[in-house]
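Remarks on the structure that follows.
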Amino acid sequence: MKLAVLSRNSKLYSTRRLVEAARERGHSVRVLDPLRCYMRISSEGFTVHYKGKPVGGYDAVIPRIGASVTRYGTAVLRQFEMMGSYTPNPSDAILRARDKLRAHQLLAAQGIGLPVTVFGDNPDDTADLLSMLGPPPHVIKLNEGTQGAGVMLTEKLSASRGVVEALRGLYANFVVQEFIGEAEGADLRCFVVGNQVVATMRRQAPEGDFRSNLHRGGTAEPVEATQDEKSMAIRAAEVLGLRVAGVDLIRSRRGPMVLEVNSTPGLEGIEAVCNADVAGRIIEYVAAKSE
Ligand code: ADP
Ligand code: MG
C-alpha cells in the first residue's frame, strides 16, 4: 500500500513507529506535515500540494493530528478522504471525539455508561445546573482539554461555582461531571484497532492527584480488560466512527464508564507498558481495509 501519515513531526515516537511498522511490512510510507499541505478546491477536482509539489494517490492516510491543529488538520484529512484515500479515523469522527460534550451526547444516546455530565451557558443557571448533578465532589473539564491538563476536582459547592464562573469569564467551554471516587485515581486505557482491543493498561494517578494521565506523572501496568470492558471500548470507538482509538474507562460502582475516546492515542506508553507492537496492528488493519 501507498501510505501517508499526517503528523507535524516525523521524530515523534508514534509517528516513527508507524513508519517503521509500515516499512517492515513492505509498504511505501511518507510523513506529511498537515500544516504544509495546501489545496486547490474546484468543481473540476481537488489538488493538494506539499512544499511546492503535488501529492496524492495514497491508498490510506493515518492521521496523527494534535489538538492544537484540529481544524486545519481535519480539513487536510477531509481533502485526502475526498480524493479517495482510506482512513481509519475520518475527519468527522476526529471532530466528534475532540468535542467532549458532543462525544458524551453521542455515547449516552447509545446507552454507553459514562459519569453523569452537565453543561450550561448562563451564569443565572449555575446553581440549578449544579443541583442537577448532585452534591460535590465534581470534576470540571475543559471541553477540548487533553492529557489531563484541563481537568479539575472541586470538593465543595462554592469551589464548583467559583471555577464555573472563572471559566465563563474566560469564554472557555467546559463540562461538569460527578466524581468517581471509588476508582481511587485509576483508569484503563483500552487501545482499540478495528473490532478489537489490542492492548490495555491500567493507569494510576500519582500520590495527591486523581488524574491518571501518564503526562501528569501517572504510572501504568498491563492488564487484561474484562469482556464487558472490551465490548464497551469497541462500541464507544464505533459510535464515534473511529477505527483506531484510545478509550479511557473508569471502574465505578455502577460498572465501567467511558471517560474519553482519544482519536490520536499515543503509542509510546501503551507499547512500552504492554510490550506490544500496536503500530504493527494499526498498519495491518489499515492495509487490509485499503486493499
Ligand atoms: P483528558 O482529555 O485531559 O485526558 P479525561 O476526561 O480523560 O481528560 O480525564 C483525565 C483523567 O482524570 C482521567 O484519565 C481520570 O484519571 C481522571 N478523571 C476524569 N474524569 C473523572 C471522573 N468523572 N471521576 C474520576 N476521575 C476522573
Ligand atoms: Mg484522557
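Lettering and numbering for the C-alpha cells are positional, with chains as A, B, ... in the shown order, residues counted from 1 in each chain, and ligands counted from 1 in the shown order.
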Please identify the residues whose atoms come within 10 Å of ligand 2, using only C-alpha atoms and all ligand atoms, and report them as a count of residues only. 24
Shell around A:Ala183 at 9 Å using only C-alpha atoms, local window under 4 positions removed, as a PyMOL selection string: chain A and resi 187+250-253
Please report, as a ChimeraX atom specification, each residue of stretch 35-281 of chain A to which DSSP assigns strand (DSSP E) when run on this structure's backbone. /A:37-42,45-50,53-55,60-64,117-118,138-142,151-154,174-178,186-193,196-204,219-222,244-252,255-262
Would you export the selected residues with C-alpha atoms as an mmCIF file, in the first residue's frame, please?
```
data_model
loop_
_atom_site.group_PDB
_atom_site.id
_atom_site.type_symbol
_atom_site.label_atom_id
_atom_site.label_comp_id
_atom_site.auth_asym_id
_atom_site.auth_seq_id
_atom_site.Cartn_x
_atom_site.Cartn_y
_atom_site.Cartn_z
ATOM 1 C CA CYS A 37 -0.375 20.628 2.880
ATOM 2 C CA TYR A 38 -2.339 23.236 0.957
ATOM 3 C CA MET A 39 -5.094 22.690 -1.515
ATOM 4 C CA ARG A 40 -6.971 23.878 -4.520
ATOM 5 C CA ILE A 41 -10.692 23.220 -4.421
ATOM 6 C CA SER A 42 -12.771 23.480 -7.570
ATOM 7 C CA GLY A 45 -11.436 18.392 -8.771
ATOM 8 C CA PHE A 46 -9.018 18.747 -5.915
ATOM 9 C CA THR A 47 -5.290 19.222 -5.800
ATOM 10 C CA VAL A 48 -3.041 19.087 -2.769
ATOM 11 C CA HIS A 49 0.462 20.491 -2.842
ATOM 12 C CA TYR A 50 3.188 19.777 -0.333
ATOM 13 C CA LYS A 53 4.897 19.712 -5.305
ATOM 14 C CA PRO A 54 1.618 17.885 -5.899
ATOM 15 C CA VAL A 55 0.877 14.920 -3.608
ATOM 16 C CA ALA A 60 -4.533 5.184 3.006
ATOM 17 C CA VAL A 61 -3.857 8.114 5.293
ATOM 18 C CA ILE A 62 -3.253 7.699 9.026
ATOM 19 C CA PRO A 63 -3.951 10.954 10.839
ATOM 20 C CA ARG A 64 -1.889 11.920 13.894
ATOM 21 C CA THR A 117 -22.412 15.187 32.987
ATOM 22 C CA VAL A 118 -23.966 18.654 32.921
ATOM 23 C CA HIS A 138 -17.301 17.467 40.980
ATOM 24 C CA VAL A 139 -14.927 17.087 38.060
ATOM 25 C CA ILE A 140 -14.787 20.107 35.763
ATOM 26 C CA LYS A 141 -13.234 19.602 32.323
ATOM 27 C CA LEU A 142 -12.335 21.984 29.579
ATOM 28 C CA VAL A 151 -9.379 18.589 34.326
ATOM 29 C CA MET A 152 -10.108 19.892 37.845
ATOM 30 C CA LEU A 153 -11.617 18.438 41.005
ATOM 31 C CA THR A 154 -13.781 20.603 43.251
ATOM 32 C CA PHE A 174 -16.427 23.046 29.803
ATOM 33 C CA VAL A 175 -18.484 20.187 31.204
ATOM 34 C CA VAL A 176 -19.096 19.282 34.858
ATOM 35 C CA GLN A 177 -19.210 15.635 35.968
ATOM 36 C CA GLU A 178 -19.823 13.519 39.006
ATOM 37 C CA ALA A 186 -7.074 4.589 38.446
ATOM 38 C CA ASP A 187 -8.462 4.122 34.971
ATOM 39 C CA LEU A 188 -7.999 1.798 31.999
ATOM 40 C CA ARG A 189 -6.658 2.812 28.629
ATOM 41 C CA CYS A 190 -8.008 0.313 26.070
ATOM 42 C CA PHE A 191 -6.342 0.590 22.695
ATOM 43 C CA VAL A 192 -8.888 -0.250 20.013
ATOM 44 C CA VAL A 193 -7.958 -1.217 16.447
ATOM 45 C CA GLN A 196 -10.515 -5.488 18.789
ATOM 46 C CA VAL A 197 -8.871 -4.209 21.926
ATOM 47 C CA VAL A 198 -5.200 -4.867 21.081
ATOM 48 C CA ALA A 199 -3.715 -3.730 24.406
ATOM 49 C CA THR A 200 -4.925 -2.429 27.768
ATOM 50 C CA MET A 201 -3.075 -0.704 30.563
ATOM 51 C CA ARG A 202 -4.239 0.298 33.982
ATOM 52 C CA ARG A 203 -3.057 3.778 34.826
ATOM 53 C CA GLN A 204 -2.724 5.074 38.373
ATOM 54 C CA THR A 219 2.158 5.051 36.370
ATOM 55 C CA ALA A 220 0.866 2.114 34.351
ATOM 56 C CA GLU A 221 0.828 -1.658 34.194
ATOM 57 C CA PRO A 222 -0.532 -4.086 31.595
ATOM 58 C CA VAL A 244 -8.142 3.419 15.929
ATOM 59 C CA ALA A 245 -8.819 4.857 19.368
ATOM 60 C CA GLY A 246 -7.584 5.068 22.926
ATOM 61 C CA VAL A 247 -10.649 4.581 25.076
ATOM 62 C CA ASP A 248 -10.339 5.608 28.731
ATOM 63 C CA LEU A 249 -12.610 3.633 31.035
ATOM 64 C CA ILE A 250 -13.137 4.099 34.744
ATOM 65 C CA ARG A 251 -14.299 1.296 37.037
ATOM 66 C CA SER A 252 -17.242 2.646 39.004
ATOM 67 C CA GLY A 255 -19.868 -0.749 36.256
ATOM 68 C CA PRO A 256 -17.368 0.527 33.682
ATOM 69 C CA MET A 257 -17.839 4.039 32.320
ATOM 70 C CA VAL A 258 -16.246 5.804 29.380
ATOM 71 C CA LEU A 259 -14.285 8.929 30.297
ATOM 72 C CA GLU A 260 -12.892 9.763 26.920
ATOM 73 C CA VAL A 261 -12.318 8.416 23.430
ATOM 74 C CA ASN A 262 -8.986 9.623 22.125
#
```
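With atom CA of A:Ala279 on one side and atom CA of A:Met82 on the other, the separation reads 25.3 Å.
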Using only C-alpha atoms and all ligand atoms, which residue out of A:Asp228, A:Glu207, A:Glu144, A:Glu44 lies closest to ligand 1?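 Using only C-alpha atoms and all ligand atoms, ligand 1 sits closest to A:Glu144.
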Selection: 8 Å around A:Ala236, only C-alpha atoms, excl. self and same-chain fewer than 2 positions, as a PyMOL selection string: chain A and resi 107+112+232-234+238-240+247+258+261
Given the choices A:Ala103, A:Val76, A:Ala205, A:Val163, which gets closest to ligand 1 if the distance is worked out from only C-alpha atoms and all ligand atoms?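 Closest residue, counting only C-alpha atoms and all ligand atoms: A:Ala205.
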Could you check the closest approach to A:Lys2 for each of A:Met132, A:Gly56, A:Asp33, A:Lys51 and tell me which residue wins, using only C-alpha atoms? A:Gly56
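Among the candidates A:Val116, A:Leu12, A:Leu133, A:Ala93, the residue lying nearest to ligand 1 is A:Val116 (atoms considered: only C-alpha atoms and all ligand atoms).
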DSSP-assigned helix (DSSP H, G or I) members of stretch 10-181 of chain A, reported as a count of residues only: 74
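Of the residues listed (A:Cys274, A:Leu267, A:Leu170, A:Val286), A:Leu267 shows the shortest atom-to-atom separation from A:Thr15; distances use only C-alpha atoms.
Straight-line separation from atom CA of A:Arg168 to atom CA of A:Asn122: 8.8 Å.
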Closest of A:Val223, A:Leu35, A:Leu3, A:Val69 to A:Ala21 - atom-to-atom distances counting only C-alpha atoms: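 Closest candidate: A:Leu3.
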For a test of reading the model, state the distance in Å between atom CA of A:Glu182 and atom CA of A:Ala276, rounded to one decimal.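 Going from atom CA of A:Glu182 over to atom CA of A:Ala276 covers 29.5 Å.
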